[in-house]
Amino acid sequence: MAMKLELQVNGIWRSVAAEPGSMLLSVLRDQLDLTGTKYGCGEGQCGACTVLVDGQPVRSCITRAEAVAGKSVTTIEGLERDGRLHPLQEAFLGAGAMQCGYCTAGMIVEGVALLRSNSDPNETQIKQGLEGHICRCGTYPRIVAAVRMASLAMREARHD
Amino acid sequence: MIDRRQFFQALGGGLAIFIAREEAPAQQQALPQEIDAWLHIGKDGAITVSTGKVEMGQGARTELTQVVAEELRAPVASITMVMGDTDLTPFDGGTAGSQTTPRMVPQLRKAAATAREMLLDLAAEKWGVDRAALVVSGGKVADPKAGRSAGFGELAEGRKLLKIIDASVPLTPPEQWKVAGTPLAKVNARNIVTGRHRYPSDITRPGMLHGKVLRPAAFGALLVSLDASAAEAMEGVKVVRDGDFAAVAAPTPQAAERAVAALKAEWKTTPQPNRAELFDYLKKNMQGRANPNERGSVEKALAEADTRLRETYTVAYIAHAPLEPRAAVAEWNDGKLTVWTGTQRPFGVRNELMAAFSLPQDRVRVLMPDTGSGYGGKHMGDAAIEAARLARAAGKPVKVVWTRQEEFSWAYFRPAGVIEVASGVRKDGIITAWEFTNYNSGGAGLQIAYDIPNYRIAFQPARSPLRQGSYRALAATANHFARETHIDELAHAAGMDALEFRLKNTQDPRFRAVLEAAAARFGWGKTKPAPGHGFGIAAGWEKGGYVATCVEVAARPGANPKIERVVEAFECGAIINPDNLKNQIEGAILMGLGGALFEAIDFADGRILNARFSRYRVPRFSDVPPIETVMLDRKDLPSAGAGECPIVGIAPAIGNAIFAATGTRLRSLPLVLKGSA
């Protein structure tokens with residue numbers, strides 16, 4: 001029944017046995033125990049399950065596992081390098097951009113993709129880029145501030 | 001209850017301070033029967049604090065750590081809060097009603113201060129000096145004259161000292177706070193941004209199965225027959241049927257979904273009221289009798305008033321929609337049940353499990369890893385019981401995570417309600433009569449903060465068509481909406497400015513202070529709104545806090561109102577963490593904005609019709625207006641909770657601003673202008 005799939009997760013090739021119809025989210029959480037990526041709605045409406053596939057943000061709760069065979073997946077666990085946080089993770093800490101934190105992983109992963117495509121997004125562009133994400137605790141203003149802070153830090157780092 | 005020997009055996013000696021619920025003489029060996037919290041200092045200097053309170057995003061873990069660090073003069077990093085574990089933490093009634101701050105904060109301050117005084121005594125004894133010569137700071141006791149110091153761990157080592165908190169221990173006044181009162185970052189934030197924190201739905205156990213419950217065809221439906229043969233034939237699938245409960249456990253979530261879909265069930269449903277008839281239904285289905293709070297004669301005052309108003313307000317059912325849905329992992333070992341679940345009442349869930357499985361208290365343990373929010377919505381143990389039933393039948397641990405549709409359908413809602421208000425005002429703008437009846441939505445926040453000589457205020461329970469329960473600020477959202485909208489209508493009827501009218505009718509200095517602070521920041525009365533714009537104000541008090549909210553909206557018939565600006569002033573006594581407080585205020589405003597403008601549960605025939613985020617709109621980035629918060633720090637007053645009160649002002653302030661912009665008075669939540677989507 002189950003189908004063998006090879007995919008690269010956070011830089012490491014993994015072989016998984018995905019059941020027909022199973023979504024990338026379930027492969028990550030239930031098979032690879034990468035639980036930083038969250039289930040929030042199952043219909044791609046809340047963004048909690050966002051991961052990068054070949055660098056592009058996707059909703060892993062509605063992305064079939066077989067669709068990512070042979071591809072590279074980055075989850076929240078893959079952003080930290082050698083004990084150093086991604087600048088956006090640092091910015092979320094600096095801005096205190098969370099309450100319960102359940103939406104945080106999806107926000108950060110989407111934000112990382114946003115900053116790759118636009119190194120200096122303004123408030124409107126950040127809001128548009130993250131519109132598909134729900135923070136039920138209402139920390140939206142701080143999340144916008146965190147993306148701005150990271151954008152500045154990353155641009156400054158490039159000039160160093 | 002464990003005794004002294006067992007306690008120190010588990011924690012390896014040191015100092016322990018217990019907070020007894022009732023003051024009782026401390027015995028040598030026995031611990032007090034009823035403990036609210038305890039604090040322990042080990043030989044490594046590690047400080048462990050145990051409380052039954054839980055963390056769900058509101059910041060309790062950080063705030064409690066701060067006050068302990070403050071009184072103990074210890075580094076924040078040396079303190080670990082053990083929370084919400086029924087085997088490791090003392091009984092707690094639940095994390096609700098904004099009670100953690102007013103109840104647990106003073107107790108932990110006293111516990112930490114008692115520990116500090118004990119450490120001083122130990123050091124004084126060790127060095128043979130007067131304790132007045134010693135200083136406690138940075139997790140050490142120092143003797144500056146002699147140039148020596150000892151860490152807390154060094155002083156605690158080899159001891160087995162136990163003390164009940166000293167109620168008269170000197171506490172650090174808020175004016176002198178160095179750690180409390182500062183914007184300390186969330187203590188476990190790094191684990192959140194790295195995805196390392198394990199929420200209840202992230203817990204796994206060896207050999208764990210995944211459970212799925214067969215949901216009834218409608219609320220209250222009876223399971224007439226069940227053909228489980230196809231599901232039972234599936235590999236590794238266990239089917240459980242118990243009365244109207246039917247569920248499966250399977251090795252993978254996908255297999256569980258296939259198995260539950262293969263169950264052939266026949267349900268008997270009964271006719272149930274639809275949303276369109278809700279408010280009539282509540283009025284026609286009263287339960288019990290209201291017990292009004294009365295003063296003076298409302299009838300006489302109404303008869304004598306220069307202007308009288310009588311209006312009806314309604315509020316819809318709304319959903320908490322915590323982003324982490326209900327989840328539980330249950331495991332049975334030698335007749336003992338252990339459940340990890342997201343709940344605001346771990347001890348309440350333990351009691352539900354004890355009742356469901358006829359178990360004694362010591363055979364059930366409930367653990368609550370910091371959960372993905374609650375807002376009053378995670379009080380019950382439904383998912384815990386479901387997982388435990390399946391785990392018992394399967395003989396393996398089982399995880400149950402509700403889908404979003406289940407969360408929207410089978411949890412419980414903020415109650416809908418009908419509120420009738422009759423009032424009278426004199427020519428000079430003094431309110432003389434106030435009659436206020438809330439049908440169904442609840443009694444919280446009923447009492448007025450205005451000085452009205454004649455009133456009758458009542459909550460009339462009714463039979464609710466939907467399962468309802470607690471919500472952030474409970475019925476205070478509904479009651480403030482009705483009251484503050486009506487006050488605005490009265491001000492208009494009296495021909496007075498909405499702020500001036502409110503100030504004229506209250507002498508409460510804290511209430512006046514937030515009104516004045518919000519108005520000053522907003523520039524109330526200083527500018528006129530642009531064409532098509534309106535200003536609105538609303539205020540209230542709840543759970544020991546005071547709030548005033550000013551809003552500017554752009555509104556016209558046929559379009560959704562746009563919130564241009566929100567200013568909110570809030571006062572909850574001495575502020576323990578201004579950054580967390582600001583976060584709570586902003587969050588409450590934004591959550592309240594959803595209930596004000598678009599959230600409403602739609603239902604018919606015992607089913608929820610909009611049980612998805614694609615059909616139940618919650619506030620998103622594009623809905624966020626510029627928000628300014630004004631936090632009044634009253635260091636002379638005890639700290640009150642802040643998770644709830646800041647939500648009550650936003651809905652009436654928006655409604656009042658829409659009236660100012662359009663001349664249309666909206667008396668129903670959510671506020672929808674005719675012709676808009």
# chains A, B, ... in the order shown; residues from 1 in each chain; ligands from 1

$ interface_residues --of "chain A" --to "chain B" --cutoff "6 Å" --atoms "only C-alpha atoms" --output "NGL selection string"
:A and (35-36 or 40-41 or 76-77 or 89 or 99-102 or 127 or 131 or 134 or 137-139)

$ write_last_selection --atoms "all heavy atoms" --output "compact mmCIF listing (two decimals), in the first residue's frame"
# COMPACT_ATOMS: atom_id res chain seq x y z
N THR A 35 8.00 17.90 14.55
CA THR A 35 6.70 18.41 15.00
C THR A 35 6.64 19.94 15.08
O THR A 35 5.64 20.49 15.52
CB THR A 35 6.34 17.82 16.37
OG1 THR A 35 7.41 18.10 17.28
CG2 THR A 35 6.13 16.31 16.29
N GLY A 36 7.71 20.60 14.66
CA GLY A 36 7.68 22.06 14.65
C GLY A 36 6.66 22.61 13.66
O GLY A 36 6.14 23.71 13.83
N GLY A 40 -3.22 23.18 11.57
CA GLY A 40 -4.14 24.19 12.08
C GLY A 40 -5.52 24.10 11.47
O GLY A 40 -6.51 24.44 12.11
N CYS A 41 -5.60 23.67 10.20
CA CYS A 41 -6.93 23.69 9.58
C CYS A 41 -7.13 22.59 8.53
O CYS A 41 -8.26 22.23 8.24
CB CYS A 41 -7.20 25.05 8.95
SG CYS A 41 -6.19 25.40 7.49
N ILE A 76 10.87 24.43 9.97
CA ILE A 76 11.36 25.36 11.00
C ILE A 76 12.62 24.81 11.67
O ILE A 76 13.52 25.58 12.04
CB ILE A 76 10.24 25.66 12.04
CG1 ILE A 76 10.65 26.74 13.04
CG2 ILE A 76 9.82 24.41 12.81
CD1 ILE A 76 10.70 28.13 12.47
N GLU A 77 12.69 23.49 11.80
CA GLU A 77 13.86 22.88 12.47
C GLU A 77 15.12 23.06 11.64
O GLU A 77 16.24 22.91 12.16
CB GLU A 77 13.63 21.38 12.70
CG GLU A 77 12.55 21.05 13.75
CD GLU A 77 11.16 20.86 13.15
OE1 GLU A 77 10.96 21.26 11.97
OE2 GLU A 77 10.28 20.32 13.85
N GLN A 89 14.30 34.33 13.00
CA GLN A 89 14.04 33.71 14.31
C GLN A 89 14.51 34.66 15.42
O GLN A 89 13.80 34.87 16.41
CB GLN A 89 14.78 32.37 14.43
CG GLN A 89 14.18 31.28 13.55
CD GLN A 89 15.03 30.01 13.55
OE1 GLN A 89 16.23 30.07 13.28
NE2 GLN A 89 14.42 28.88 13.85
N GLN A 99 2.53 34.79 21.24
CA GLN A 99 1.91 34.53 22.54
C GLN A 99 1.97 33.03 22.78
O GLN A 99 2.90 32.54 23.38
CB GLN A 99 0.50 35.11 22.62
CG GLN A 99 0.53 36.62 22.88
CD GLN A 99 -0.83 37.24 23.01
OE1 GLN A 99 -1.81 36.62 23.38
NE2 GLN A 99 -0.93 38.53 22.67
N CYS A 100 1.01 32.30 22.21
CA CYS A 100 1.08 30.84 22.42
C CYS A 100 2.16 30.22 21.54
O CYS A 100 2.66 29.15 21.83
CB CYS A 100 -0.27 30.18 22.20
SG CYS A 100 -0.74 29.88 20.49
N GLY A 101 2.47 30.87 20.43
CA GLY A 101 3.56 30.41 19.58
C GLY A 101 3.21 29.31 18.61
O GLY A 101 4.08 28.83 17.87
N TYR A 102 1.95 28.91 18.57
CA TYR A 102 1.58 27.78 17.71
C TYR A 102 1.66 28.16 16.22
O TYR A 102 1.95 27.33 15.38
CB TYR A 102 0.17 27.31 18.08
CG TYR A 102 -0.21 25.97 17.51
CD1 TYR A 102 0.21 24.78 18.10
CD2 TYR A 102 -1.02 25.88 16.37
CE1 TYR A 102 -0.15 23.55 17.60
CE2 TYR A 102 -1.38 24.64 15.85
CZ TYR A 102 -0.95 23.48 16.47
OH TYR A 102 -1.32 22.26 15.96
N LYS A 127 2.34 42.47 5.18
CA LYS A 127 0.96 42.04 5.49
C LYS A 127 0.37 41.21 4.36
O LYS A 127 -0.27 40.19 4.60
CB LYS A 127 0.07 43.26 5.77
CG LYS A 127 0.31 43.91 7.12
CD LYS A 127 -0.64 45.09 7.30
CE LYS A 127 -0.72 45.54 8.75
NZ LYS A 127 -1.72 46.60 8.93
N GLU A 131 -0.75 37.28 4.66
CA GLU A 131 -2.21 37.33 4.80
C GLU A 131 -2.83 35.94 4.97
O GLU A 131 -3.88 35.77 5.60
CB GLU A 131 -2.83 38.06 3.60
CG GLU A 131 -4.34 38.24 3.64
CD GLU A 131 -4.84 39.20 4.73
OE1 GLU A 131 -4.00 39.81 5.42
OE2 GLU A 131 -6.07 39.31 4.89
N ILE A 134 -2.88 32.76 10.07
CA ILE A 134 -3.70 33.21 11.20
C ILE A 134 -2.88 33.16 12.48
O ILE A 134 -2.25 32.14 12.78
CB ILE A 134 -4.96 32.32 11.35
CG1 ILE A 134 -5.92 32.55 10.18
CG2 ILE A 134 -5.66 32.60 12.68
CD1 ILE A 134 -7.06 31.54 10.11
N CYS A 137 -3.97 34.64 18.54
CA CYS A 137 -3.65 35.47 19.71
C CYS A 137 -3.54 36.95 19.32
O CYS A 137 -3.47 37.81 20.19
CB CYS A 137 -2.34 35.03 20.35
SG CYS A 137 -2.33 33.33 20.95
N GLY A 138 -3.46 37.23 18.02
CA GLY A 138 -3.44 38.64 17.59
C GLY A 138 -2.09 39.32 17.75
O GLY A 138 -2.03 40.52 18.03
N THR A 139 -1.00 38.60 17.54
CA THR A 139 0.31 39.25 17.65
C THR A 139 0.75 39.84 16.31
O THR A 139 1.93 40.13 16.11
CB THR A 139 1.40 38.28 18.16
OG1 THR A 139 1.59 37.25 17.20
CG2 THR A 139 1.02 37.67 19.48

$ residues_around --residues "region 26-34 of chain A" --least-positions-apart "6" --cutoff "12 Å" --atoms "only C-alpha atoms" --output "PyMOL selection string"
(chain A and resi 2-10+12-20+42+49-51+59-66+68-69+73-78+105) or (chain B and resi 194-198+201-205+208-210+251-254+399)

$ select_by_dssp --residues "region 104-334 of chain B" --states "strand (DSSP E)" --output "VMD selection string"
chain B and resid 135 to 137 140 to 143 148 to 151 160 to 164 209 to 213 222 to 227 238 to 242 245 to 250 264 to 268 293 to 295 307 to 315 327 to 333

$ select_by_dssp --residues "chain A" --states "alpha helix (DSSP H)" --output "count of residues only"
53

$ atom_distance --atom1 "CA of Ile419 (chain B)" --atom2 "CA of Asp451 (chain B)"
20.4 Å

$ closest_residue --among "B:Val68, B:Ala530, B:Met380, B:Ala96" --to "Ala328 (chain B)" --atoms "only C-alpha atoms"
B:Met380

$ residues_around --residues "region 97-111 of chain B" --least-positions-apart "6" --cutoff "7 Å" --atoms "only C-alpha atoms" --output "list of chain:residue names"
B:Ile17, B:Ile19, B:Leu39, B:Leu64, B:Val67, B:Val68, B:Glu71, B:Ile165, B:Ala167, B:Val169, B:Leu171, B:Lys543, B:Ser639, B:Ala640, B:Gly641, B:Ala642, B:Gly643, B:Glu644

$ closest_residue --among "B:Arg365, B:Lys160, B:Lys526, B:Lys126" --to "Leu337 (chain B)" --atoms "only C-alpha atoms"
B:Arg365

$ atom_distance --atom1 "CA of Gly151 (chain B)" --atom2 "CA of Asp121 (chain B)"
13.6 Å

$ residues_around --residues "Arg155 (chain A)" --least-positions-apart "5" --cutoff "12 Å" --atoms "only C-alpha atoms" --output "list in words"
Pro87, Leu115, Arg116, Asn118, Ser119, Asp120, Pro121, Arg148, Met149, Ala150 and Asp160 of chain A

$ write_last_selection --atoms "N, CA and C atoms" --output "PDB file, in the first residue's frame"
ATOM      1  N   PRO A  87      18.187  35.017  11.087  1.00  0.00           N
ATOM      2  CA  PRO A  87      17.884  36.382  11.560  1.00  0.00           C
ATOM      3  C   PRO A  87      16.393  36.615  11.836  1.00  0.00           C
ATOM      4  N   LEU A 115      11.394  37.270   2.602  1.00  0.00           N
ATOM      5  CA  LEU A 115      12.624  38.069   2.628  1.00  0.00           C
ATOM      6  C   LEU A 115      13.603  37.661   1.522  1.00  0.00           C
ATOM      7  N   ARG A 116      13.493  36.416   1.073  1.00  0.00           N
ATOM      8  CA  ARG A 116      14.341  35.998  -0.045  1.00  0.00           C
ATOM      9  C   ARG A 116      13.889  36.665  -1.346  1.00  0.00           C
ATOM     10  N   ASN A 118      12.094  39.496  -1.478  1.00  0.00           N
ATOM     11  CA  ASN A 118      12.075  40.952  -1.315  1.00  0.00           C
ATOM     12  C   ASN A 118      12.868  41.286  -0.060  1.00  0.00           C
ATOM     13  N   SER A 119      14.081  41.785  -0.251  1.00  0.00           N
ATOM     14  CA  SER A 119      14.949  41.969   0.913  1.00  0.00           C
ATOM     15  C   SER A 119      14.543  43.168   1.761  1.00  0.00           C
ATOM     16  N   ASP A 120      13.666  44.020   1.219  1.00  0.00           N
ATOM     17  CA  ASP A 120      13.276  45.214   1.975  1.00  0.00           C
ATOM     18  C   ASP A 120      11.777  45.459   1.856  1.00  0.00           C
ATOM     19  N   PRO A 121      10.973  44.527   2.364  1.00  0.00           N
ATOM     20  CA  PRO A 121       9.518  44.695   2.204  1.00  0.00           C
ATOM     21  C   PRO A 121       8.976  45.783   3.130  1.00  0.00           C
ATOM     22  N   ARG A 148      10.317  43.256   9.615  1.00  0.00           N
ATOM     23  CA  ARG A 148      11.057  44.496   9.326  1.00  0.00           C
ATOM     24  C   ARG A 148      12.446  44.463   9.983  1.00  0.00           C
ATOM     25  N   MET A 149      12.477  44.039  11.235  1.00  0.00           N
ATOM     26  CA  MET A 149      13.756  43.973  11.960  1.00  0.00           C
ATOM     27  C   MET A 149      14.725  43.021  11.269  1.00  0.00           C
ATOM     28  N   ALA A 150      14.217  41.860  10.841  1.00  0.00           N
ATOM     29  CA  ALA A 150      15.083  40.872  10.190  1.00  0.00           C
ATOM     30  C   ALA A 150      15.584  41.400   8.860  1.00  0.00           C
ATOM     31  N   ASP A 160      28.337  44.309   5.675  1.00  0.00           N
ATOM     32  CA  ASP A 160      29.520  44.211   6.551  1.00  0.00           C
ATOM     33  C   ASP A 160      30.722  43.639   5.802  1.00  0.00           C
TER      34      ASP A 160
END

$ residues_around --residues "Met107 (chain A)" --least-positions-apart "2" --cutoff "8 Å" --atoms "only C-alpha atoms" --output "list in words"
Gly47, Ala48, Thr50, Cys103, Thr104, Ala105, Val109, Glu110, Gly111, Leu130, His133 and Ile143 of chain A

$ atom_distance --atom1 "CA of Ile650 (chain B)" --atom2 "CA of Asp508 (chain B)"
20.9 Å
